[in-house]
$ cat upload.pdb   # PDB, C-alpha atoms
ATOM      1  CA  MET S   1       0.000   0.000   0.000
ATOM      2  CA  LYS S   2       1.252   3.456  -0.917
ATOM      3  CA  ILE S   3       0.451   6.156   1.654
ATOM      4  CA  THR S   4       1.157   9.824   0.899
ATOM      5  CA  ILE S   5       1.041  12.793   3.266
ATOM      6  CA  LEU S   6       0.719  15.991   1.231
ATOM      7  CA  ASP S   7       1.185  18.828   3.747
ATOM      8  CA  GLY S   8       2.690  17.184   6.801
ATOM      9  CA  ASN S   9       4.292  20.364   8.124
ATOM     10  CA  ALA S  10       0.964  21.671   9.439
ATOM     11  CA  LEU S  11       0.345  18.828  11.875
ATOM     12  CA  ASN S  12       3.916  17.702  12.318
ATOM     13  CA  PRO S  13       6.703  20.266  11.816
ATOM     14  CA  GLY S  14       9.115  17.758  13.344
ATOM     15  CA  ASP S  15       8.005  17.175  16.921
ATOM     16  CA  LEU S  16       5.781  14.164  16.125
ATOM     17  CA  SER S  17       6.390  10.979  14.134
ATOM     18  CA  TRP S  18       4.707   9.439  11.102
ATOM     19  CA  ASP S  19       6.166   6.007  11.959
ATOM     20  CA  CYS S  20       2.760   4.849  13.198
ATOM     21  CA  LEU S  21       1.657   4.563   9.554
ATOM     22  CA  LYS S  22       4.679   2.674   8.259
ATOM     23  CA  LYS S  23       3.414  -0.740   9.315
ATOM     24  CA  TYR S  24       0.594  -0.373   6.790
ATOM     25  CA  GLY S  25       2.693   0.385   3.734
ATOM     26  CA  GLN S  26       5.189   2.670   2.048
ATOM     27  CA  VAL S  27       4.859   6.165   3.505
ATOM     28  CA  THR S  28       5.946   9.287   1.643
ATOM     29  CA  VAL S  29       5.799  12.605   3.490
ATOM     30  CA  TYR S  30       5.796  15.990   1.783
ATOM     31  CA  GLN S  31       6.016  18.982   4.101
ATOM     32  CA  GLN S  32       4.040  21.122   1.647
ATOM     33  CA  THR S  33       2.509  20.556  -1.783
ATOM     34  CA  ALA S  34       1.655  23.134  -4.413
ATOM     35  CA  PRO S  35      -1.719  22.659  -6.161
ATOM     36  CA  GLU S  36      -0.040  21.836  -9.468
ATOM     37  CA  SER S  37       1.953  19.004  -7.830
ATOM     38  CA  VAL S  38      -0.924  17.130  -6.182
ATOM     39  CA  ILE S  39      -1.672  14.724  -9.029
ATOM     40  CA  GLU S  40       1.988  13.926  -9.570
ATOM     41  CA  ARG S  41       2.483  13.141  -5.899
ATOM     42  CA  ILE S  42      -0.613  11.005  -5.276
ATOM     43  CA  GLY S  43      -1.277   9.622  -8.761
ATOM     44  CA  ASP S  44      -0.562   6.029  -7.731
ATOM     45  CA  SER S  45      -1.318   6.307  -3.993
ATOM     46  CA  ASP S  46      -3.843   4.096  -2.226
ATOM     47  CA  ALA S  47      -4.293   6.460   0.703
ATOM     48  CA  VAL S  48      -3.602  10.150   1.219
ATOM     49  CA  PHE S  49      -3.530  12.336   4.302
ATOM     50  CA  LEU S  50      -3.857  16.110   4.051
ATOM     51  CA  ASN S  51      -4.834  19.235   5.912
ATOM     52  CA  LYS S  52      -5.478  22.123   3.519
ATOM     53  CA  ILE S  53      -4.857  20.559   0.092
ATOM     54  CA  VAL S  54      -7.827  20.825  -2.277
ATOM     55  CA  ILE S  55      -9.133  17.526  -3.665
ATOM     56  CA  ASN S  56     -11.559  17.904  -6.561
ATOM     57  CA  SER S  57     -12.964  15.803  -9.399
ATOM     58  CA  LYS S  58     -10.060  16.616 -11.728
ATOM     59  CA  ILE S  59      -7.564  15.268  -9.217
ATOM     60  CA  LEU S  60      -9.647  12.191  -8.466
ATOM     61  CA  SER S  61      -9.988  11.290 -12.139
ATOM     62  CA  ALA S  62      -6.184  11.215 -12.390
ATOM     63  CA  CYS S  63      -5.731   9.056  -9.278
ATOM     64  CA  PRO S  64      -7.520   5.741  -9.994
ATOM     65  CA  ASN S  65      -5.791   3.857  -7.181
ATOM     66  CA  LEU S  66      -6.952   6.240  -4.463
ATOM     67  CA  LYS S  67      -9.247   4.552  -1.946
ATOM     68  CA  TYR S  68      -8.880   6.608   1.242
ATOM     69  CA  ILE S  69      -8.548  10.307   2.131
ATOM     70  CA  GLY S  70      -7.755  11.272   5.712
ATOM     71  CA  VAL S  71      -8.314  14.948   6.480
ATOM     72  CA  LEU S  72      -6.030  15.931   9.356
ATOM     73  CA  ALA S  73      -8.466  18.557  10.635
ATOM     74  CA  THR S  74     -12.101  18.981  11.639
ATOM     75  CA  GLY S  75     -13.056  21.179   8.687
ATOM     76  CA  TYR S  76     -13.152  19.502   5.295
ATOM     77  CA  ASN S  77     -14.245  22.265   2.933
ATOM     78  CA  VAL S  78     -11.166  21.470   0.797
ATOM     79  CA  ILE S  79     -12.774  18.179  -0.239
ATOM     80  CA  ASP S  80     -15.299  17.903  -3.075
ATOM     81  CA  THR S  81     -17.440  15.446  -1.145
ATOM     82  CA  GLN S  82     -19.763  14.737  -4.052
ATOM     83  CA  ALA S  83     -16.874  13.795  -6.322
ATOM     84  CA  VAL S  84     -15.303  11.674  -3.589
ATOM     85  CA  LYS S  85     -18.576   9.858  -3.014
ATOM     86  CA  GLN S  86     -19.068   9.196  -6.729
ATOM     87  CA  ALA S  87     -15.543   7.789  -6.921
ATOM     88  CA  GLY S  88     -16.302   5.360  -4.070
ATOM     89  CA  ILE S  89     -13.511   6.738  -1.914
ATOM     90  CA  VAL S  90     -13.662   6.724   1.880
ATOM     91  CA  ALA S  91     -12.928  10.127   3.447
ATOM     92  CA  THR S  92     -12.632  10.914   7.163
ATOM     93  CA  ASN S  93     -11.894  13.892   9.382
ATOM     94  CA  ILE S  94     -10.858  14.556  12.993
ATOM     95  CA  PRO S  95     -13.784  15.814  15.094
ATOM     96  CA  SER S  96     -13.516  17.412  18.528
ATOM     97  CA  TYR S  97      -9.748  17.060  18.955
ATOM     98  CA  SER S  98      -9.045  20.773  19.514
ATOM     99  CA  THR S  99     -11.888  21.792  21.828
ATOM    100  CA  MET S 100      -9.729  22.566  24.856
ATOM    101  CA  ALA S 101      -6.967  24.321  22.915
ATOM    102  CA  VAL S 102      -9.286  26.581  20.902
ATOM    103  CA  SER S 103     -11.286  27.482  24.004
ATOM    104  CA  GLN S 104      -8.048  28.334  25.789
ATOM    105  CA  HIS S 105      -6.922  30.521  22.880
ATOM    106  CA  THR S 106     -10.287  32.273  22.856
ATOM    107  CA  PHE S 107      -9.665  33.413  26.406
ATOM    108  CA  ALA S 108      -6.059  34.304  25.651
ATOM    109  CA  LEU S 109      -7.478  36.850  23.200
ATOM    110  CA  ILE S 110     -10.159  38.019  25.644
ATOM    111  CA  LEU S 111      -7.558  38.459  28.385
ATOM    112  CA  HIS S 112      -5.303  40.343  26.004
ATOM    113  CA  PHE S 113      -7.934  43.067  25.802
ATOM    114  CA  ALA S 114      -8.851  42.857  29.489
ATOM    115  CA  ASN S 115      -5.338  43.008  30.971
ATOM    116  CA  HIS S 116      -2.966  44.244  28.242
ATOM    117  CA  VAL S 117      -0.135  42.106  29.593
ATOM    118  CA  ALA S 118       2.035  42.411  26.466
ATOM    119  CA  LEU S 119       1.596  46.181  26.342
ATOM    120  CA  HIS S 120       2.644  46.669  29.949
ATOM    121  CA  ASN S 121       5.518  44.219  29.740
ATOM    122  CA  GLU S 122       6.844  46.156  26.764
ATOM    123  CA  SER S 123       6.559  49.371  28.765
ATOM    124  CA  VAL S 124       8.361  47.903  31.771
ATOM    125  CA  GLN S 125      11.133  46.433  29.593
ATOM    126  CA  LYS S 126      11.674  49.890  28.042
ATOM    127  CA  GLY S 127      12.358  51.225  31.552
ATOM    128  CA  ASP S 128       9.108  53.128  32.095
ATOM    129  CA  TRP S 129       8.565  51.632  35.563
ATOM    130  CA  LYS S 130      11.984  52.824  36.688
ATOM    131  CA  MET S 131      10.917  56.365  35.852
ATOM    132  CA  ALA S 132       7.377  56.132  37.240
ATOM    133  CA  PRO S 133       6.441  58.602  40.021
ATOM    134  CA  SER S 134       4.224  55.988  41.743
ATOM    135  CA  PHE S 135       4.428  52.277  42.550
ATOM    136  CA  CYS S 136       2.062  51.449  39.666
ATOM    137  CA  TYR S 137       0.728  52.800  36.395
ATOM    138  CA  TRP S 138      -1.285  51.567  33.434
ATOM    139  CA  ASN S 139      -1.139  52.591  29.801
ATOM    140  CA  ALA S 140      -4.558  51.274  28.800
ATOM    141  CA  PRO S 141      -7.839  50.719  30.632
ATOM    142  CA  LEU S 142      -7.984  47.420  32.526
ATOM    143  CA  THR S 143     -11.187  45.391  32.565
ATOM    144  CA  GLU S 144     -12.562  43.016  35.193
ATOM    145  CA  LEU S 145     -14.363  40.149  33.465
ATOM    146  CA  ASP S 146     -16.533  39.308  36.458
ATOM    147  CA  GLY S 147     -20.066  40.476  35.702
ATOM    148  CA  LYS S 148     -19.404  41.190  32.025
ATOM    149  CA  THR S 149     -21.623  39.548  29.399
ATOM    150  CA  LEU S 150     -20.082  37.141  26.907
ATOM    151  CA  GLY S 151     -22.153  36.396  23.821
ATOM    152  CA  ILE S 152     -21.362  32.999  22.300
ATOM    153  CA  LEU S 153     -22.366  32.554  18.660
ATOM    154  CA  GLY S 154     -22.392  28.814  17.973
ATOM    155  CA  TYR S 155     -22.837  26.178  20.640
ATOM    156  CA  GLY S 156     -20.913  23.091  19.631
ATOM    157  CA  ASN S 157     -18.181  21.522  21.734
ATOM    158  CA  ILE S 158     -15.995  24.622  21.669
ATOM    159  CA  GLY S 159     -18.845  27.015  22.419
ATOM    160  CA  LYS S 160     -19.858  24.892  25.402
ATOM    161  CA  GLN S 161     -16.307  24.782  26.754
ATOM    162  CA  VAL S 162     -15.950  28.549  26.340
ATOM    163  CA  GLU S 163     -19.129  28.950  28.386
ATOM    164  CA  LYS S 164     -17.592  26.871  31.208
ATOM    165  CA  ILE S 165     -14.490  29.043  31.266
ATOM    166  CA  ALA S 166     -16.604  32.198  31.183
ATOM    167  CA  ASN S 167     -18.576  30.957  34.182
ATOM    168  CA  ALA S 168     -15.315  30.413  36.065
ATOM    169  CA  PHE S 169     -14.466  34.085  35.478
ATOM    170  CA  GLY S 170     -17.883  35.125  36.777
ATOM    171  CA  MET S 171     -19.107  36.271  33.384
ATOM    172  CA  LYS S 172     -22.727  36.193  32.308
ATOM    173  CA  THR S 173     -23.285  34.253  29.099
ATOM    174  CA  LEU S 174     -25.739  34.579  26.257
ATOM    175  CA  ILE S 175     -25.971  31.689  23.798
ATOM    176  CA  CYS S 176     -27.029  31.909  20.157
ATOM    177  CA  PRO S 177     -26.837  28.352  18.780
ATOM    178  CA  HIS S 178     -27.284  27.240  15.196
ATOM    179  CA  HIS S 179     -30.495  25.529  16.279
ATOM    180  CA  PRO S 180     -32.254  27.449  19.104
ATOM    181  CA  SER S 181     -33.641  25.291  21.880
ATOM    182  CA  SER S 182     -35.570  25.904  25.087
ATOM    183  CA  SER S 183     -33.274  23.374  26.768
ATOM    184  CA  ILE S 184     -30.308  25.782  26.434
ATOM    185  CA  GLN S 185     -30.011  28.241  29.276
ATOM    186  CA  ASN S 186     -29.694  31.862  28.218
ATOM    187  CA  CYS S 187     -30.579  31.025  24.609
ATOM    188  CA  VAL S 188     -31.157  34.278  22.712
ATOM    189  CA  SER S 189     -31.633  35.568  19.193
ATOM    190  CA  GLN S 190     -28.784  37.086  17.204
ATOM    191  CA  GLU S 191     -30.285  40.531  17.742
ATOM    192  CA  GLU S 192     -30.279  40.119  21.516
ATOM    193  CA  LEU S 193     -26.750  38.730  21.448
ATOM    194  CA  TRP S 194     -25.524  41.766  19.512
ATOM    195  CA  ALA S 195     -27.341  44.241  21.754
ATOM    196  CA  LYS S 196     -26.407  42.899  25.196
ATOM    197  CA  SER S 197     -22.883  41.472  24.912
ATOM    198  CA  ASP S 198     -19.724  43.167  26.168
ATOM    199  CA  PHE S 199     -17.662  40.484  24.418
ATOM    200  CA  ILE S 200     -18.797  38.383  21.450
ATOM    201  CA  THR S 201     -16.979  35.177  20.540
ATOM    202  CA  LEU S 202     -17.584  33.280  17.309
ATOM    203  CA  HIS S 203     -17.780  29.480  17.267
ATOM    204  CA  ALA S 204     -20.153  28.850  14.379
ATOM    205  CA  PRO S 205     -19.324  26.893  11.223
ATOM    206  CA  LEU S 206     -18.924  28.822   7.988
ATOM    207  CA  THR S 207     -22.092  28.271   5.973
ATOM    208  CA  PRO S 208     -24.051  30.398   3.493
ATOM    209  CA  GLU S 209     -26.152  31.541   6.469
ATOM    210  CA  THR S 210     -23.185  32.529   8.640
ATOM    211  CA  LYS S 211     -20.919  33.994   5.956
ATOM    212  CA  GLU S 212     -20.010  37.570   6.975
ATOM    213  CA  ILE S 213     -22.498  37.410   9.839
ATOM    214  CA  ILE S 214     -20.370  40.137  11.424
ATOM    215  CA  ASN S 215     -20.941  43.042   9.083
ATOM    216  CA  LYS S 216     -21.870  46.710   9.076
ATOM    217  CA  ASN S 217     -25.493  45.920   9.941
ATOM    218  CA  SER S 218     -24.817  43.552  12.841
ATOM    219  CA  ILE S 219     -22.062  45.817  14.199
ATOM    220  CA  SER S 220     -24.521  48.724  14.237
ATOM    221  CA  GLN S 221     -26.706  46.729  16.644
ATOM    222  CA  MET S 222     -23.887  46.087  19.125
ATOM    223  CA  LYS S 223     -22.893  47.988  22.223
ATOM    224  CA  ASP S 224     -20.361  50.725  21.650
ATOM    225  CA  GLY S 225     -17.035  49.394  22.855
ATOM    226  CA  VAL S 226     -17.795  45.716  22.215
ATOM    227  CA  TYR S 227     -14.929  43.251  21.814
ATOM    228  CA  ILE S 228     -15.207  40.564  19.126
ATOM    229  CA  ILE S 229     -13.194  37.334  19.167
ATOM    230  CA  ASN S 230     -12.956  34.967  16.201
ATOM    231  CA  THR S 231     -11.260  31.581  16.529
ATOM    232  CA  ALA S 232     -13.640  29.883  14.091
ATOM    233  CA  ARG S 233     -13.429  30.943  10.438
ATOM    234  CA  GLY S 234     -12.269  34.176   8.829
ATOM    235  CA  GLY S 235     -15.261  34.221   6.506
ATOM    236  CA  LEU S 236     -17.634  34.804   9.413
ATOM    237  CA  VAL S 237     -16.715  38.470   9.329
ATOM    238  CA  ASN S 238     -16.602  41.179   6.701
ATOM    239  CA  GLU S 239     -13.057  42.345   7.317
ATOM    240  CA  THR S 240     -13.597  45.786   5.829
ATOM    241  CA  ASP S 241     -16.605  46.400   8.079
ATOM    242  CA  VAL S 242     -14.696  45.160  11.130
ATOM    243  CA  LYS S 243     -11.804  47.491  10.324
ATOM    244  CA  GLN S 244     -14.195  50.427  10.064
ATOM    245  CA  GLY S 245     -15.875  49.420  13.334
ATOM    246  CA  VAL S 246     -12.537  49.300  15.153
ATOM    247  CA  GLU S 247     -11.296  52.573  13.703
ATOM    248  CA  SER S 248     -14.544  54.319  14.666
ATOM    249  CA  GLY S 249     -14.399  52.916  18.206
ATOM    250  CA  THR S 250     -17.693  51.041  17.901
ATOM    251  CA  ILE S 251     -15.597  47.886  18.261
ATOM    252  CA  ALA S 252     -13.091  48.354  21.071
ATOM    253  CA  GLY S 253     -11.012  45.411  19.908
ATOM    254  CA  TYR S 254     -11.048  42.551  17.427
ATOM    255  CA  GLY S 255      -9.009  39.444  18.223
ATOM    256  CA  ALA S 256      -8.759  36.676  15.645
ATOM    257  CA  ASP S 257      -6.834  33.508  14.938
ATOM    258  CA  VAL S 258      -8.321  33.236  11.447
ATOM    259  CA  LEU S 259      -8.585  35.387   8.340
ATOM    260  CA  LEU S 260     -10.604  35.337   5.157
ATOM    261  CA  GLU S 261      -7.430  34.470   3.252
ATOM    262  CA  GLU S 262      -4.658  32.369   4.779
ATOM    263  CA  PRO S 263      -1.732  32.916   4.740
ATOM    264  CA  MET S 264      -2.494  36.618   5.183
ATOM    265  CA  SER S 265      -2.854  38.384   1.856
ATOM    266  CA  GLN S 266      -0.686  41.371   0.992
ATOM    267  CA  ASN S 267      -3.750  43.647   1.066
ATOM    268  CA  CYS S 268      -5.444  42.241   4.184
ATOM    269  CA  GLN S 269      -7.766  44.906   5.600
ATOM    270  CA  LEU S 270      -6.865  44.012   9.195
ATOM    271  CA  PHE S 271      -3.101  44.221   8.893
ATOM    272  CA  ASN S 272      -1.474  46.702  11.277
ATOM    273  CA  VAL S 273      -4.779  48.144  12.513
ATOM    274  CA  LYS S 274      -4.724  49.505  16.062
ATOM    275  CA  ASN S 275      -6.774  47.371  18.500
ATOM    276  CA  VAL S 276      -6.801  44.421  16.113
ATOM    277  CA  VAL S 277      -4.868  41.425  17.437
ATOM    278  CA  LEU S 278      -4.126  38.569  15.046
ATOM    279  CA  THR S 279      -2.487  35.188  15.579
ATOM    280  CA  PRO S 280      -1.539  32.896  12.653
ATOM    281  CA  HIS S 281      -4.188  30.135  12.969
ATOM    282  CA  ILE S 282      -2.486  28.533  15.971
ATOM    283  CA  ALA S 283      -5.389  27.937  18.370
ATOM    284  CA  TRP S 284      -5.374  24.250  17.410
ATOM    285  CA  ALA S 285      -1.584  23.863  17.508
ATOM    286  CA  PRO S 286      -0.400  22.891  21.029
ATOM    287  CA  LEU S 287       1.699  19.724  20.942
ATOM    288  CA  GLU S 288      -0.849  17.810  23.008
ATOM    289  CA  THR S 289      -3.631  18.788  20.613
ATOM    290  CA  ARG S 290      -1.704  17.806  17.483
ATOM    291  CA  LYS S 291      -0.728  14.488  19.085
ATOM    292  CA  ARG S 292      -4.430  13.835  19.738
ATOM    293  CA  CYS S 293      -5.213  14.679  16.117
ATOM    294  CA  LEU S 294      -2.622  12.196  14.857
ATOM    295  CA  ASP S 295      -3.901   9.493  17.227
ATOM    296  CA  ILE S 296      -7.462   9.927  15.934
ATOM    297  CA  ALA S 297      -6.234   9.939  12.327
ATOM    298  CA  LEU S 298      -4.518   6.624  12.946
ATOM    299  CA  LYS S 299      -7.664   5.141  14.525
ATOM    300  CA  ASN S 300      -9.713   6.324  11.549
ATOM    301  CA  PHE S 301      -7.305   4.628   9.136
ATOM    302  CA  GLU S 302      -7.047   1.415  11.131
ATOM    303  CA  SER S 303     -10.827   1.183  11.364
ATOM    304  CA  TYR S 304     -11.107   1.645   7.598
ATOM    305  CA  LEU S 305      -8.559  -1.127   7.004
ATOM    306  CA  ASN S 306     -10.551  -3.377   9.348
ATOM    307  CA  GLY S 307     -13.749  -2.755   7.400
ATOM    308  CA  THR S 308     -15.433  -0.184   9.664
ATOM    309  CA  VAL S 309     -15.500   3.494   8.715
ATOM    310  CA  ILE S 310     -15.554   6.013  11.566
ATOM    311  CA  ASN S 311     -15.652   9.815  11.358
ATOM    312  CA  SER S 312     -16.725   9.722   7.724
ATOM    313  CA  ILE S 313     -17.350  13.100   6.073
ATOM    314  CA  LEU S 314     -19.649  11.616   3.416
TER
END
$ encode --input "upload.pdb" --output "structure tokens"
Amino acid sequence: MKITILDGNALNPGDLSWDCLKKYGQVTVYQQTAPESVIERIGDSDAVFLNKIVINSKILSACPNLKYIGVLATGYNVIDTQAVKQAGIVATNIPSYSTMAVSQHTFALILHFANHVALHNESVQKGDWKMAPSFCYWNAPLTELDGKTLGILGYGNIGKQVEKIANAFGMKTLICPHHPSSSIQNCVSQEELWAKSDFITLHAPLTPETKEIINKNSISQMKDGVYIINTARGGLVNETDVKQGVESGTIAGYGADVLLEEPMSQNCQLFNVKNVVLTPHIAWAPLETRKRCLDIALKNFESYLNGTVINSIL
């Protein structure tokens, strides 16, 4: 069996091992693969693992031996599922592996705006504290999270974990799930979420209904000085409208781990904007989280080889 990993650097930049797959066949690992090289690299492969490599009908028609696709992520929008299904190929993903890490990163961004640790460390390291007339000073307003309202858009595993952390900080929570339910405490409409939240955090999937759900209209319904956090998908926001909201002060801060285009485009609207904090899609990337992802990927593959498909995306 020929097994090919197309963009191994994302999951494993060198601190994990692909040896777990070698007992099943010949394993070839490419750290990255350009779109024009995909067919050449997997043309005679039986199984392929990938993270962000697009697989479409053109590629599948040139790879007749391909029987298995393992997506090394939860999202699988890079896969033409209809074409994969028609080709009779098994395709799997990795659900729920990054819940704790993404929730943690969400609060790292919230706490950035609440406490401004980096800002004050930079000030101290420049020598400002040595020159201060008093025992303390602050260069930006500090915020106590206790009693503040956190609006959570999307209520899957990550949204639920974020709610638990918010409760530990003493925050009030408002929940706007994809499917409203009377069984969810503090379940509200989008309009109420916008109007009442001090912080809004996005945990919804990117669908036609949620695309650019944060836009000029929704921002106009929010409290002045709201903070928006996005660790879900860049396409949930209209980046131009967010930039305008931040520059006008309507949005006090926007913290995101995701952008509409990744890597960041040369003309990204959010680049170098004051009170916009961006991290390079790393919420999922702690070593423990990536190890869990690889373990689940291996279980998916072993189950397929044993005749039982788990975590199918079809």
$ atom_distance --input "upload.pdb" --atom1 "CA of Ile175 in chain S" --atom2 "CA of Glu212 in chain S"
18.8 Å
$ closest_residue --input "upload.pdb" --among "S:Thr81, S:Asn230, S:Ser45, S:Thr308" --to "Val27 in chain S" --atoms "only C-alpha atoms"
S:Ser45
$ resolve_selection --input "upload.pdb" --expression "the PyMOL selection byres ((chain S and resi 69) around 9)" --output "PDB file with C-alpha atoms, in the frame of the given file"
ATOM      1  CA  ASP S  46      -3.843   4.096  -2.226  1.00  0.00           C
ATOM      2  CA  ALA S  47      -4.293   6.460   0.703  1.00  0.00           C
ATOM      3  CA  VAL S  48      -3.602  10.150   1.219  1.00  0.00           C
ATOM      4  CA  PHE S  49      -3.530  12.336   4.302  1.00  0.00           C
ATOM      5  CA  LEU S  50      -3.857  16.110   4.051  1.00  0.00           C
ATOM      6  CA  LEU S  66      -6.952   6.240  -4.463  1.00  0.00           C
ATOM      7  CA  LYS S  67      -9.247   4.552  -1.946  1.00  0.00           C
ATOM      8  CA  TYR S  68      -8.880   6.608   1.242  1.00  0.00           C
ATOM      9  CA  GLY S  70      -7.755  11.272   5.712  1.00  0.00           C
ATOM     10  CA  VAL S  71      -8.314  14.948   6.480  1.00  0.00           C
ATOM     11  CA  VAL S  84     -15.303  11.674  -3.589  1.00  0.00           C
ATOM     12  CA  ILE S  89     -13.511   6.738  -1.914  1.00  0.00           C
ATOM     13  CA  VAL S  90     -13.662   6.724   1.880  1.00  0.00           C
ATOM     14  CA  ALA S  91     -12.928  10.127   3.447  1.00  0.00           C
ATOM     15  CA  THR S  92     -12.632  10.914   7.163  1.00  0.00           C
ATOM     16  CA  ASN S  93     -11.894  13.892   9.382  1.00  0.00           C
TER      17      ASN S  93
END
$ atom_distance --input "upload.pdb" --atom1 "CA of Asn115 in chain S" --atom2 "CA of Lys274 in chain S"
16.3 Å
$ residues_around --input "upload.pdb" --residues "Val242 in chain S" --least-positions-apart "4" --cutoff "9 Å" --atoms "all atoms listed in the file" --output "PDB file with C-alpha atoms, in the frame of the given file"
ATOM      1  CA  ILE S 214     -20.370  40.137  11.424  1.00  0.00           C
ATOM      2  CA  ASN S 215     -20.941  43.042   9.083  1.00  0.00           C
ATOM      3  CA  LYS S 216     -21.870  46.710   9.076  1.00  0.00           C
ATOM      4  CA  ILE S 219     -22.062  45.817  14.199  1.00  0.00           C
ATOM      5  CA  VAL S 237     -16.715  38.470   9.329  1.00  0.00           C
ATOM      6  CA  ASN S 238     -16.602  41.179   6.701  1.00  0.00           C
ATOM      7  CA  VAL S 246     -12.537  49.300  15.153  1.00  0.00           C
ATOM      8  CA  GLU S 247     -11.296  52.573  13.703  1.00  0.00           C
ATOM      9  CA  ILE S 251     -15.597  47.886  18.261  1.00  0.00           C
ATOM     10  CA  TYR S 254     -11.048  42.551  17.427  1.00  0.00           C
ATOM     11  CA  GLN S 269      -7.766  44.906   5.600  1.00  0.00           C
ATOM     12  CA  LEU S 270      -6.865  44.012   9.195  1.00  0.00           C
TER      13      LEU S 270
END
$ atom_distance --input "upload.pdb" --atom1 "CA of Leu294 in chain S" --atom2 "CA of Leu72 in chain S"
7.5 Å
$ closest_residue --input "upload.pdb" --among "S:Leu60, S:Ile310, S:Leu260, S:Ile158" --to "Gly88 in chain S" --atoms "only C-alpha atoms"
S:Leu60
$ residues_near_point --input "upload.pdb" --point "(-19.9, 50.6, 22.2)" --cutoff "12 Å" --atoms "only C-alpha atoms" --output "ChimeraX atom specification"
/S:194-199,219-228,245-246,248-253
$ resolve_selection --input "upload.pdb" --expression "the PyMOL selection byres ((chain S and resi 298) around 12)" --output "short mmCIF file (atom, residue, chain, number, x, y, z; two decimals) with C-alpha atoms, in the coordinates of the input"
data_model
loop_
_atom_site.label_atom_id
_atom_site.label_comp_id
_atom_site.auth_asym_id
_atom_site.auth_seq_id
_atom_site.Cartn_x
_atom_site.Cartn_y
_atom_site.Cartn_z
CA SER S 17 6.39 10.98 14.13
CA TRP S 18 4.71 9.44 11.10
CA ASP S 19 6.17 6.01 11.96
CA CYS S 20 2.76 4.85 13.20
CA LEU S 21 1.66 4.56 9.55
CA LYS S 22 4.68 2.67 8.26
CA LYS S 23 3.41 -0.74 9.32
CA TYR S 24 0.59 -0.37 6.79
CA PHE S 49 -3.53 12.34 4.30
CA GLY S 70 -7.76 11.27 5.71
CA VAL S 71 -8.31 14.95 6.48
CA LEU S 72 -6.03 15.93 9.36
CA THR S 92 -12.63 10.91 7.16
CA ASN S 93 -11.89 13.89 9.38
CA ILE S 94 -10.86 14.56 12.99
CA LYS S 291 -0.73 14.49 19.08
CA ARG S 292 -4.43 13.84 19.74
CA CYS S 293 -5.21 14.68 16.12
CA LEU S 294 -2.62 12.20 14.86
CA ASP S 295 -3.90 9.49 17.23
CA ILE S 296 -7.46 9.93 15.93
CA ALA S 297 -6.23 9.94 12.33
CA LYS S 299 -7.66 5.14 14.52
CA ASN S 300 -9.71 6.32 11.55
CA PHE S 301 -7.30 4.63 9.14
CA GLU S 302 -7.05 1.42 11.13
CA SER S 303 -10.83 1.18 11.36
CA TYR S 304 -11.11 1.64 7.60
CA LEU S 305 -8.56 -1.13 7.00
CA ILE S 310 -15.55 6.01 11.57
CA ASN S 311 -15.65 9.82 11.36
#
